[in-house]
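Novice: Contents of input.cif (mmCIF, C-alpha atoms (C1' of nucleotides)):
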data_query
loop_
_atom_site.label_atom_id
_atom_site.label_comp_id
_atom_site.auth_asym_id
_atom_site.auth_seq_id
_atom_site.Cartn_x
_atom_site.Cartn_y
_atom_site.Cartn_z
CA MET K 33 78.18 -19.37 -62.66
CA GLN K 34 80.68 -19.71 -65.46
CA ILE K 35 81.04 -22.79 -67.59
CA SER K 36 84.15 -24.66 -66.42
CA SER K 37 87.53 -24.36 -68.08
CA ARG K 38 87.32 -27.94 -69.33
CA PHE K 39 85.94 -26.58 -72.59
CA THR K 40 88.79 -24.16 -73.30
CA ILE K 41 91.33 -26.70 -72.05
CA ALA K 42 90.00 -29.27 -74.51
CA ILE K 43 90.20 -26.81 -77.37
CA HIS K 44 93.73 -25.88 -76.35
CA ILE K 45 94.69 -29.57 -76.30
CA LEU K 46 93.37 -30.18 -79.80
CA THR K 47 94.98 -27.02 -81.15
CA ALA K 48 98.33 -27.98 -79.65
CA ILE K 49 98.13 -31.52 -81.04
CA ASP K 50 97.70 -30.18 -84.53
CA THR K 51 100.30 -27.46 -84.17
CA PHE K 52 103.08 -29.60 -82.70
CA GLN K 53 102.43 -33.07 -84.06
CA ASN K 54 105.37 -32.97 -86.45
CA GLU K 55 107.81 -31.30 -84.09
CA TYR K 56 107.20 -32.92 -80.73
CA LYS K 57 105.58 -35.91 -79.16
CA VAL K 58 102.49 -34.38 -77.64
CA THR K 59 102.12 -35.96 -74.20
CA SER K 60 100.05 -35.06 -71.18
CA ASP K 61 103.12 -33.49 -69.57
CA PHE K 62 103.84 -31.45 -72.68
CA LEU K 63 100.26 -30.20 -72.79
CA ALA K 64 100.15 -29.59 -69.04
CA ASN K 65 103.12 -27.29 -69.50
CA SER K 66 101.51 -25.32 -72.34
CA ILE K 67 98.10 -25.05 -70.68
CA ASN K 68 99.52 -24.64 -67.19
CA VAL K 69 97.36 -27.11 -65.38
CA ASN K 70 98.03 -30.45 -63.73
CA PRO K 71 98.90 -33.37 -66.04
CA VAL K 72 96.13 -35.47 -64.51
CA VAL K 73 93.59 -32.85 -65.53
CA ILE K 74 94.93 -33.19 -69.06
CA ARG K 75 94.71 -36.98 -68.96
CA ARG K 76 91.15 -36.83 -67.71
CA THR K 77 90.23 -34.46 -70.52
CA MET K 78 92.07 -36.71 -72.99
CA GLN K 79 89.89 -39.59 -71.86
CA ALA K 80 86.74 -37.56 -72.41
CA LEU K 81 87.89 -36.61 -75.91
CA LYS K 82 88.80 -40.22 -76.59
CA SER K 83 85.39 -41.47 -75.43
CA ALA K 84 83.83 -39.04 -77.88
CA GLU K 85 86.14 -40.44 -80.56
CA LEU K 86 87.71 -37.08 -81.25
CA ILE K 87 91.25 -38.24 -80.56
CA GLU K 88 93.20 -41.48 -80.40
CA VAL K 89 95.62 -41.89 -77.56
CA LYS K 90 98.71 -44.07 -77.83
CA ARG K 91 99.34 -46.01 -74.66
CA GLY K 92 102.84 -47.02 -73.69
CA THR K 93 104.66 -44.95 -76.25
CA GLY K 94 102.60 -41.85 -75.55
CA GLY K 95 101.18 -39.15 -77.72
CA MET K 96 97.85 -38.68 -79.47
CA VAL K 97 96.29 -37.82 -82.82
CA ILE K 98 93.07 -36.18 -83.87
CA SER K 99 90.64 -38.78 -85.21
CA LYS K 100 88.98 -36.91 -88.05
CA PRO K 101 89.37 -33.85 -90.25
CA MET K 102 89.35 -30.74 -88.15
CA ASN K 103 86.61 -29.13 -90.20
CA GLU K 104 84.33 -31.98 -89.15
CA ILE K 105 84.86 -31.36 -85.44
CA THR K 106 82.58 -28.62 -84.16
CA LEU K 107 82.88 -26.75 -80.88
CA LEU K 108 79.62 -28.42 -79.91
CA ASP K 109 81.25 -31.84 -80.31
CA ILE K 110 84.03 -30.73 -77.99
CA PHE K 111 81.68 -29.10 -75.50
CA GLN K 112 79.52 -32.17 -75.21
CA ALA K 113 82.57 -34.40 -74.92
CA VAL K 114 83.99 -32.64 -71.88
CA GLU K 115 81.21 -30.72 -70.17
CA PRO K 116 78.84 -32.88 -68.14
CA LEU K 117 75.41 -31.21 -68.10
CA GLU K 118 72.81 -32.91 -65.95
CA ASN K 119 70.18 -34.34 -68.31
CA GLY K 120 71.90 -32.34 -71.03
CA GLN K 121 70.37 -29.16 -69.65
CA LEU K 122 72.37 -25.95 -69.51
CA PHE K 123 70.16 -24.34 -66.88
CA HIS K 124 69.76 -25.75 -63.42
CA PHE K 125 66.06 -25.50 -62.56
CA HIS K 126 65.26 -25.22 -58.84
CA GLU K 127 64.37 -28.76 -57.99
CA ASN K 128 61.14 -28.90 -56.08
CA PRO K 129 58.71 -26.13 -56.88
CA ASN K 130 55.75 -26.55 -54.56
CA THR K 131 52.96 -28.40 -56.33
CA ALA K 132 50.49 -27.01 -53.82
CA CYS K 133 51.05 -23.61 -55.46
CA PRO K 134 49.56 -22.90 -58.91
CA VAL K 135 52.75 -21.22 -60.11
CA GLY K 136 54.88 -23.95 -58.55
CA ARG K 137 52.82 -26.55 -60.40
CA ASN K 138 52.95 -24.77 -63.75
CA ILE K 139 56.23 -22.89 -63.94
CA HIS K 140 57.80 -25.71 -65.94
CA ALA K 141 54.99 -25.50 -68.46
CA GLY K 142 55.69 -21.82 -68.92
CA LEU K 143 59.46 -21.87 -68.87
CA ASP K 144 60.97 -25.12 -70.12
CA ASP K 145 60.55 -24.36 -73.81
CA LYS K 146 62.10 -20.91 -73.39
CA LEU K 147 65.13 -22.29 -71.60
CA PHE K 148 65.50 -24.90 -74.28
CA SER K 149 65.37 -22.31 -77.06
CA ILE K 150 68.15 -20.36 -75.36
CA GLN K 151 70.34 -23.41 -74.95
CA ASN K 152 69.60 -24.32 -78.53
CA ALA K 153 70.71 -20.91 -79.80
CA MET K 154 74.02 -21.43 -78.01
CA GLU K 155 74.44 -24.92 -79.41
CA VAL K 156 73.63 -23.88 -82.96
CA GLN K 157 76.39 -21.30 -82.84
CA MET K 158 78.77 -23.88 -81.33
CA LYS K 159 77.96 -26.13 -84.23
CA ASN K 160 78.76 -23.34 -86.68
CA ILE K 161 82.36 -23.16 -85.51
CA THR K 162 84.85 -25.93 -86.15
CA LEU K 163 88.18 -26.83 -84.66
CA GLN K 164 89.63 -25.87 -88.01
CA ASP K 165 88.52 -22.26 -87.49
CA VAL K 166 90.22 -22.02 -84.11
CA VAL K 167 93.41 -23.72 -85.28
CA LYS K 168 93.63 -21.57 -88.37
CA ASP K 169 93.31 -18.31 -86.44
CA THR K 170 95.66 -19.43 -83.67
CA GLN K 171 98.33 -20.53 -86.13
CA ALA K 172 97.89 -17.32 -88.09
CA ALA K 173 98.57 -15.39 -84.89
CA ILE K 174 101.67 -17.51 -84.30
CA ALA K 175 102.86 -16.87 -87.86
CA LYS K 176 102.29 -13.16 -87.43
CA GLU K 177 104.67 -13.09 -84.47
CA ASN K 178 107.64 -13.75 -86.75
CA MET X 184 78.74 -27.12 -65.24
CA GLN X 185 75.17 -25.97 -65.21
CA ILE X 186 74.15 -22.36 -64.79
CA SER X 187 72.87 -21.91 -61.24
CA SER X 188 69.21 -22.02 -60.26
CA ARG X 189 69.28 -18.32 -59.42
CA PHE X 190 68.02 -17.63 -62.92
CA THR X 191 64.97 -19.88 -62.76
CA ILE X 192 64.31 -18.80 -59.17
CA ALA X 193 64.26 -15.15 -60.25
CA ILE X 194 61.84 -15.89 -63.07
CA HIS X 195 59.64 -17.85 -60.68
CA ILE X 196 59.64 -14.92 -58.25
CA LEU X 197 58.58 -12.45 -60.93
CA THR X 198 55.91 -14.78 -62.26
CA ALA X 199 54.51 -15.33 -58.79
CA ILE X 200 54.45 -11.60 -58.04
CA ASP X 201 52.33 -10.95 -61.10
CA THR X 202 50.08 -13.94 -60.56
CA PHE X 203 49.32 -13.35 -56.91
CA GLN X 204 49.62 -9.60 -56.44
CA ASN X 205 45.86 -9.09 -56.11
CA GLU X 206 45.19 -12.13 -53.95
CA TYR X 207 48.06 -12.26 -51.48
CA LYS X 208 50.82 -10.15 -50.06
CA VAL X 209 53.82 -11.63 -51.83
CA THR X 210 56.57 -11.85 -49.20
CA SER X 211 59.85 -13.72 -49.10
CA ASP X 212 58.24 -16.41 -46.96
CA PHE X 213 55.36 -16.76 -49.38
CA LEU X 214 57.75 -17.12 -52.31
CA ALA X 215 60.07 -19.45 -50.41
CA ASN X 216 57.10 -21.74 -49.94
CA SER X 217 56.18 -21.75 -53.63
CA ILE X 218 59.74 -22.14 -54.88
CA ASN X 219 60.77 -24.45 -52.07
CA VAL X 220 64.01 -22.80 -51.12
CA ASN X 221 65.15 -20.89 -48.07
CA PRO X 222 63.59 -17.43 -47.53
CA VAL X 223 67.04 -15.86 -47.32
CA VAL X 224 67.83 -17.13 -50.81
CA ILE X 225 64.67 -15.36 -51.96
CA ARG X 226 65.61 -12.15 -50.20
CA ARG X 227 69.06 -12.17 -51.75
CA THR X 228 67.54 -12.70 -55.17
CA MET X 229 65.04 -9.93 -54.43
CA GLN X 230 67.95 -7.60 -53.71
CA ALA X 231 69.60 -8.48 -57.01
CA LEU X 232 66.36 -7.80 -58.88
CA LYS X 233 65.93 -4.57 -56.97
CA SER X 234 69.46 -3.42 -57.79
CA ALA X 235 68.67 -4.02 -61.45
CA GLU X 236 65.51 -1.95 -60.96
CA LEU X 237 63.25 -4.78 -62.01
CA ILE X 238 61.22 -4.78 -58.81
CA GLU X 239 60.47 -2.47 -55.91
CA VAL X 240 60.49 -3.96 -52.46
CA LYS X 241 58.43 -2.59 -49.60
CA ARG X 242 60.33 -2.62 -46.36
CA GLY X 243 58.53 -2.90 -43.08
CA THR X 244 55.13 -3.70 -44.48
CA GLY X 245 56.46 -6.30 -46.87
CA GLY X 246 55.66 -7.27 -50.42
CA MET X 247 57.00 -6.19 -53.78
CA VAL X 248 55.92 -5.00 -57.21
CA ILE X 249 57.37 -5.28 -60.69
CA SER X 250 58.88 -1.95 -61.77
CA LYS X 251 58.00 -1.89 -65.44
CA PRO X 252 55.78 -3.49 -68.02
CA MET X 253 56.51 -7.18 -68.26
CA ASN X 254 56.97 -7.03 -72.02
CA GLU X 255 59.89 -4.67 -71.42
CA ILE X 256 61.71 -7.08 -69.12
CA THR X 257 63.71 -9.62 -71.10
CA LEU X 258 65.17 -12.86 -69.82
CA LEU X 259 68.58 -11.30 -70.45
CA ASP X 260 67.74 -8.49 -68.02
CA ILE X 261 66.86 -11.09 -65.40
CA PHE X 262 69.89 -13.25 -66.15
CA GLN X 263 72.30 -10.37 -65.84
CA ALA X 264 70.59 -9.18 -62.67
CA VAL X 265 71.08 -12.42 -60.77
CA GLU X 266 73.88 -14.37 -62.41
CA PRO X 267 77.35 -13.05 -61.61
CA LEU X 268 79.67 -13.89 -64.53
CA GLU X 269 83.30 -13.00 -64.01
CA ASN X 270 84.08 -10.13 -66.40
CA GLY X 271 80.71 -10.84 -67.96
CA GLN X 272 82.14 -13.92 -69.62
CA LEU X 273 80.10 -17.10 -69.85
CA PHE X 274 83.12 -19.34 -70.40
CA HIS X 275 85.86 -19.72 -67.87
CA PHE X 276 89.16 -19.66 -69.76
CA HIS X 277 92.03 -21.56 -68.12
CA GLU X 278 93.88 -18.79 -66.44
CA ASN X 279 97.57 -18.96 -67.23
CA PRO X 280 98.36 -20.48 -70.60
CA ASN X 281 102.14 -20.69 -70.84
CA THR X 282 103.50 -17.71 -72.78
CA ALA X 283 106.67 -19.66 -73.46
CA CYS X 284 104.58 -21.88 -75.77
CA PRO X 285 103.40 -20.51 -79.13
CA VAL X 286 99.94 -21.99 -78.69
CA GLY X 287 99.81 -20.81 -75.07
CA ARG X 288 100.69 -17.30 -76.23
CA ASN X 289 98.16 -17.22 -79.07
CA ILE X 290 95.21 -19.35 -78.04
CA HIS X 291 93.30 -16.29 -76.89
CA ALA X 292 93.81 -14.68 -80.30
CA GLY X 293 92.31 -17.76 -81.94
CA LEU X 294 89.49 -18.46 -79.51
CA ASP X 295 88.18 -15.35 -77.75
CA ASP X 296 86.05 -14.13 -80.64
CA LYS X 297 84.48 -17.57 -81.08
CA LEU X 298 83.57 -17.83 -77.42
CA PHE X 299 82.10 -14.37 -77.56
CA SER X 300 79.99 -15.21 -80.60
CA ILE X 301 78.58 -18.23 -78.77
CA GLN X 302 77.74 -16.24 -75.67
CA ASN X 303 76.25 -13.58 -77.87
CA ALA X 304 73.97 -16.09 -79.60
CA MET X 305 72.69 -17.13 -76.20
CA GLU X 306 72.14 -13.56 -75.09
CA VAL X 307 70.33 -12.57 -78.28
CA GLN X 308 67.85 -15.35 -77.71
CA MET X 309 67.47 -14.34 -74.06
CA LYS X 310 66.69 -10.85 -75.24
CA ASN X 311 64.02 -12.20 -77.60
CA ILE X 312 62.00 -13.59 -74.72
CA THR X 313 60.23 -11.38 -72.19
CA LEU X 314 58.82 -11.98 -68.76
CA GLN X 315 55.44 -11.43 -70.37
CA ASP X 316 55.92 -14.57 -72.49
CA VAL X 317 56.71 -16.73 -69.48
CA VAL X 318 53.90 -15.30 -67.37
CA LYS X 319 51.38 -15.68 -70.17
CA ASP X 320 52.21 -19.34 -70.76
CA THR X 321 52.38 -20.17 -67.07
CA GLN X 322 49.04 -18.52 -66.35
CA ALA X 323 47.52 -20.23 -69.38
CA ALA X 324 48.66 -23.58 -67.94
CA ILE X 325 47.08 -22.64 -64.61
CA ALA X 326 43.82 -21.67 -66.33
CA LYS X 327 43.81 -24.93 -68.22
CA GLU X 328 43.83 -26.89 -64.96
CA ASN X 329 40.29 -25.78 -64.18
"C1'" DT S 158 54.63 0.53 -29.36
"C1'" DA S 159 53.73 -4.15 -31.26
"C1'" DT S 160 53.94 -6.78 -35.34
"C1'" DG S 161 55.48 -8.67 -39.48
"C1'" DT S 162 58.68 -8.00 -42.79
"C1'" DT S 163 63.15 -6.78 -45.13
"C1'" DG S 164 68.23 -6.52 -45.25
"C1'" DT S 165 72.22 -8.67 -44.16
"C1'" DA S 166 76.00 -10.82 -41.54
"C1'" DA S 167 77.93 -15.07 -40.01
"C1'" DT S 168 78.26 -19.79 -40.17
"C1'" DT S 169 77.48 -24.35 -42.02
"C1'" DT S 170 76.63 -27.80 -45.53
"C1'" DC S 171 77.19 -29.60 -49.88
"C1'" DA S 172 78.81 -30.41 -54.51
"C1'" DA S 173 82.00 -29.73 -58.24
"C1'" DT S 174 86.46 -28.39 -60.02
"C1'" DA S 175 91.00 -28.88 -59.98
"C1'" DG S 176 95.52 -30.21 -57.78
"C1'" DT S 177 98.31 -33.82 -56.09
"C1'" DT S 178 100.37 -38.29 -55.11
"C1'" DA S 179 100.86 -42.76 -56.27
"C1'" DC S 180 101.13 -46.68 -58.93
"C1'" DA S 181 99.68 -50.49 -62.05
"C1'" DG S 182 99.29 -51.25 -67.05
"C1'" DT S 183 101.11 -50.58 -71.67
"C1'" DG S 184 104.09 -50.79 -75.67
"C1'" DA S 185 108.14 -49.67 -78.16
"C1'" DG S 186 112.98 -49.84 -78.34
"C1'" DA S 187 117.55 -50.98 -76.30
"C1'" DT H 18 113.39 -59.49 -71.98
"C1'" DC H 19 114.17 -55.49 -69.57
"C1'" DT H 20 113.83 -50.66 -69.29
"C1'" DC H 21 111.59 -46.52 -69.68
"C1'" DA H 22 108.40 -43.05 -70.72
"C1'" DC H 23 103.84 -42.54 -70.79
"C1'" DT H 24 98.80 -43.55 -70.02
"C1'" DG H 25 94.87 -44.70 -67.05
"C1'" DT H 26 92.93 -44.25 -62.84
"C1'" DA H 27 92.19 -44.41 -57.85
"C1'" DA H 28 92.41 -41.89 -53.70
"C1'" DC H 29 92.80 -37.94 -51.26
"C1'" DT H 30 93.07 -32.85 -50.56
"C1'" DA H 31 92.24 -28.01 -51.47
"C1'" DT H 32 89.44 -24.54 -53.11
"C1'" DT H 33 85.47 -22.44 -54.63
"C1'" DG H 34 80.64 -21.27 -55.08
"C1'" DA H 35 75.78 -22.34 -54.15
"C1'" DA H 36 72.48 -22.77 -50.98
"C1'" DA H 37 70.69 -23.56 -46.15
"C1'" DT H 38 70.43 -21.85 -41.75
"C1'" DT H 39 70.40 -18.88 -37.67
"C1'" DA H 40 70.14 -14.59 -35.92
"C1'" DC H 41 69.07 -9.96 -35.45
"C1'" DA H 42 68.95 -4.95 -36.47
"C1'" DA H 43 66.27 -1.74 -39.38
"C1'" DC H 44 61.97 -0.53 -40.97
"C1'" DA H 45 57.04 0.83 -41.79
"C1'" DT H 46 52.52 0.57 -40.72
"C1'" DA H 47 48.44 -0.27 -37.76
#
Would you encode the structure as structure tokens?

Specialist:
Amino acid sequence: MQISSRFTIAIHILTAIDTFQNEYKVTSDFLANSINVNPVVIRRTMQALKSAELIEVKRGTGGMVISKPMNEITLLDIFQAVEPLENGQLFHFHENPNTACPVGRNIHAGLDDKLFSIQNAMEVQMKNITLQDVVKDTQAAIAKEN
Amino acid sequence: MQISSRFTIAIHILTAIDTFQNEYKVTSDFLANSINVNPVVIRRTMQALKSAELIEVKRGTGGMVISKPMNEITLLDIFQAVEPLENGQLFHFHENPNTACPVGRNIHAGLDDKLFSIQNAMEVQMKNITLQDVVKDTQAAIAKEN
DNA sequence: TATGTTGTAATTTCAATAGTTACAGTGAGA
DNA sequence: TCTCACTGTAACTATTGAAATTACAACATA
């Protein structure tokens, strides 16, 4: 089961804000057009990013700005802002292993730390990459077009 | 969005096969009882593990055995056997970024390699852990009960 | 051949994502 | 102060995928 597109949508939103902030007013409709999803999906993602204090949204007049330097926003910050993981756990563990069975009783003892170490490896790499990195490479690709 | 329980169910199956192979005939019903899911879910997972040549299943008479030494089966082998990722990609990228928008056209150029490096970090750690590790710790926890 | 099991199709249930419609609330500018 | 574009959010629908469930043919051994 793939991780939902909320993560890539959020990154796209932030990249577009930075790229177009001086040329256009970046609204949910503007972003919905670039990303090609429904404006309400954008607004919901905007709210998640706002709750995580990654962006500030201007009510009434519209538009939004990124709250802090892009090299201080990691992909992990973005992931955690928009991707709801139950109990923060990447892997869904089957819920009711049978405690009448020795393996059922003890599988968590044997497996939980391994699952955590895997999730941790993913998160460490997410933390190594900042929004700045994505924006820089995307804008370089745009520049190269011309 | 969490990764489905197929992964932990598959690990549970393999751990139970090793733990009980000398005491019981390990059938889909037996496993369904320990894992507490429907027997058909077990059989479907068995088929995925069989296709990946991680287990051999005995038709008719019932039961199954692990195909190779447990220290040669990594969690990545198990993950890839049972977890269907579209195009092998962990992250679902929003499908139709607007090519009329510079960011829409170039977001893949800026982001794909980062997403891959994150997935890769996860997979490297999965490859570092073998079924043997899980079985050893689970059986140690069982032994400790007594 | 009887028995217990696997393999698998078909259907249902459930949960989550995403799309859609609708509209009240907001704030800046005419 | 009124208008207007936009945000914030509720409500509902559509779609998808996981998992449960029922059912039964295929199979292998005793």

Novice: Got a sec to resolve the PyMOL selection byres ((chain S and resi 166) around 12) on this structure and send the residues as a VMD selection string?

Specialist: (chain X and resid 223) or (chain S and resid 164 to 165 167 to 168) or (chain H and resid 39 to 42)

Novice: Now that the selection is made, can you save its residues with C-alpha atoms (C1' of nucleotides) as a PDB file, in the coordinates of the input?

Specialist:
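Contents of result.pdb, as written:
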ATOM      1  CA  VAL X 223      67.040 -15.860 -47.320  1.00  0.00           C
TER       2      VAL X 223
ATOM      3  C1'  DG S 164      68.230  -6.520 -45.250  1.00  0.00           C
ATOM      4  C1'  DT S 165      72.220  -8.670 -44.160  1.00  0.00           C
ATOM      5  C1'  DA S 167      77.930 -15.070 -40.010  1.00  0.00           C
ATOM      6  C1'  DT S 168      78.260 -19.790 -40.170  1.00  0.00           C
TER       7       DT S 168
ATOM      8  C1'  DT H  39      70.400 -18.880 -37.670  1.00  0.00           C
ATOM      9  C1'  DA H  40      70.140 -14.590 -35.920  1.00  0.00           C
ATOM     10  C1'  DC H  41      69.070  -9.960 -35.450  1.00  0.00           C
ATOM     11  C1'  DA H  42      68.950  -4.950 -36.470  1.00  0.00           C
TER      12       DA H  42
END

Novice: Which residues match the PyMOL selection byres ((chain H) within 8 of (chain X)) in the file above, as a ChimeraX atom specification?

Specialist: /H:35-37,44-46

Novice: Compile the residues of chain K that lie within 8 Å of chain X, evaluated using all atoms listed in the file, and express the compilation as JSON, numbers by chain.

Specialist: {"K": [33, 34, 35, 36, 37, 40, 41, 44, 47, 48, 51, 65, 66, 67, 68, 115, 116, 117, 118, 121, 122, 123, 124, 125, 126, 128, 129, 130, 131, 132, 133, 134, 135, 136, 138, 139, 140, 141, 142, 143, 146, 149, 150, 151, 153, 154, 155, 157, 158, 161, 166, 167, 168, 169, 170, 171, 173, 174]}

Novice: What residues in chain S have any atom no more than 10 Å from chain X when counting all atoms listed in the file, and can you write them as a count of residues only?

Specialist: 8

Novice: Could you expand the PyMOL selection byres ((chain S and resi 182) around 10) into the explicit residues it covers here, written as a PyMOL selection string?

Specialist: (chain K and resi 91-92) or (chain S and resi 180-181+183-184) or (chain H and resi 24-25)

Novice: Which residues are near Gln164 (chain K)? Cut-off 9 Å, only C-alpha atoms (C1' of nucleotides), ignore same chain within fewer than 6 positions. Put them as a list of chain:residue names.

Specialist: K:Thr47, K:Pro101, K:Met102, K:Asn103, K:Glu104, K:Ile105, K:Thr106

Novice: Give as a list in words each residue that has an atom at most 7 Å from (98.7, -36.4, -51.7) in the file, counting all atoms listed in the file.

Specialist: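 Selection result: DT177 and DT178 of chain S; DC29 and DT30 of chain H.
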
Novice: Please measure the separation of CA of Ser99 (chain K) and C1' of DC21 (chain H), giving the value in Å to one decimal.

Specialist: 27.2 Å

Novice: Using only C-alpha atoms (C1' of nucleotides), which of the listed residues (H:DA28, H:DC23, H:DT18, H:DT33) sits closest to DA175 (chain S)?

Specialist: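 Answer, going by the shortest atom-to-atom distance: H:DT33.
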
Novice: Can you fill out region 243-259 of chain X with N, CA, C and O atoms and hand it back as an mmCIF file, in the coordinates of the input?

Specialist:
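Now in result15.cif:
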data_model
loop_
_atom_site.group_PDB
_atom_site.id
_atom_site.type_symbol
_atom_site.label_atom_id
_atom_site.label_comp_id
_atom_site.auth_asym_id
_atom_site.auth_seq_id
_atom_site.Cartn_x
_atom_site.Cartn_y
_atom_site.Cartn_z
ATOM 1 N N GLY X 243 59.462 -3.081 -44.187
ATOM 2 C CA GLY X 243 58.530 -2.900 -43.080
ATOM 3 C C GLY X 243 57.240 -3.649 -43.331
ATOM 4 O O GLY X 243 57.034 -4.751 -42.826
ATOM 5 N N THR X 244 56.431 -3.082 -44.198
ATOM 6 C CA THR X 244 55.130 -3.700 -44.480
ATOM 7 C C THR X 244 55.237 -4.979 -45.292
ATOM 8 O O THR X 244 54.411 -5.876 -45.153
ATOM 9 N N GLY X 245 56.264 -5.074 -46.107
ATOM 10 C CA GLY X 245 56.460 -6.300 -46.870
ATOM 11 C C GLY X 245 55.796 -6.277 -48.224
ATOM 12 O O GLY X 245 54.913 -5.460 -48.496
ATOM 13 N N GLY X 246 56.229 -7.160 -49.083
ATOM 14 C CA GLY X 246 55.660 -7.270 -50.420
ATOM 15 C C GLY X 246 56.523 -6.578 -51.446
ATOM 16 O O GLY X 246 57.462 -5.844 -51.122
ATOM 17 N N MET X 247 56.195 -6.799 -52.715
ATOM 18 C CA MET X 247 57.000 -6.190 -53.780
ATOM 19 C C MET X 247 56.184 -6.095 -55.053
ATOM 20 O O MET X 247 55.186 -6.805 -55.226
ATOM 21 N N VAL X 248 56.591 -5.169 -55.922
ATOM 22 C CA VAL X 248 55.920 -5.000 -57.210
ATOM 23 C C VAL X 248 56.949 -4.966 -58.328
ATOM 24 O O VAL X 248 58.106 -4.611 -58.106
ATOM 25 N N ILE X 249 56.488 -5.316 -59.526
ATOM 26 C CA ILE X 249 57.370 -5.280 -60.690
ATOM 27 C C ILE X 249 57.430 -3.852 -61.203
ATOM 28 O O ILE X 249 56.401 -3.179 -61.306
ATOM 29 N N SER X 250 58.654 -3.382 -61.502
ATOM 30 C CA SER X 250 58.880 -1.950 -61.770
ATOM 31 C C SER X 250 58.415 -1.469 -63.124
ATOM 32 O O SER X 250 58.163 -0.290 -63.310
ATOM 33 N N LYS X 251 58.391 -2.376 -64.122
ATOM 34 C CA LYS X 251 58.000 -1.890 -65.440
ATOM 35 C C LYS X 251 57.175 -2.922 -66.179
ATOM 36 O O LYS X 251 57.050 -4.046 -65.705
ATOM 37 N N PRO X 252 56.618 -2.542 -67.296
ATOM 38 C CA PRO X 252 55.780 -3.490 -68.020
ATOM 39 C C PRO X 252 56.525 -4.780 -68.300
ATOM 40 O O PRO X 252 57.705 -4.755 -68.674
ATOM 41 N N MET X 253 55.829 -5.889 -68.150
ATOM 42 C CA MET X 253 56.510 -7.180 -68.260
ATOM 43 C C MET X 253 57.032 -7.447 -69.661
ATOM 44 O O MET X 253 57.957 -8.228 -69.824
ATOM 45 N N ASN X 254 56.454 -6.814 -70.665
ATOM 46 C CA ASN X 254 56.970 -7.030 -72.020
ATOM 47 C C ASN X 254 58.224 -6.184 -72.294
ATOM 48 O O ASN X 254 58.798 -6.265 -73.366
ATOM 49 N N GLU X 255 58.630 -5.412 -71.297
ATOM 50 C CA GLU X 255 59.890 -4.670 -71.420
ATOM 51 C C GLU X 255 61.010 -5.286 -70.583
ATOM 52 O O GLU X 255 62.117 -4.767 -70.529
ATOM 53 N N ILE X 256 60.688 -6.380 -69.906
ATOM 54 C CA ILE X 256 61.710 -7.080 -69.120
ATOM 55 C C ILE X 256 62.071 -8.361 -69.875
ATOM 56 O O ILE X 256 61.245 -9.259 -70.035
ATOM 57 N N THR X 257 63.303 -8.429 -70.345
ATOM 58 C CA THR X 257 63.710 -9.620 -71.100
ATOM 59 C C THR X 257 64.378 -10.629 -70.168
ATOM 60 O O THR X 257 64.833 -10.285 -69.070
ATOM 61 N N LEU X 258 64.478 -11.863 -70.633
ATOM 62 C CA LEU X 258 65.170 -12.860 -69.820
ATOM 63 C C LEU X 258 66.646 -12.500 -69.666
ATOM 64 O O LEU X 258 67.280 -12.866 -68.666
ATOM 65 N N LEU X 259 67.192 -11.764 -70.606
ATOM 66 C CA LEU X 259 68.580 -11.300 -70.450
ATOM 67 C C LEU X 259 68.704 -10.320 -69.295
ATOM 68 O O LEU X 259 69.664 -10.385 -68.514
#
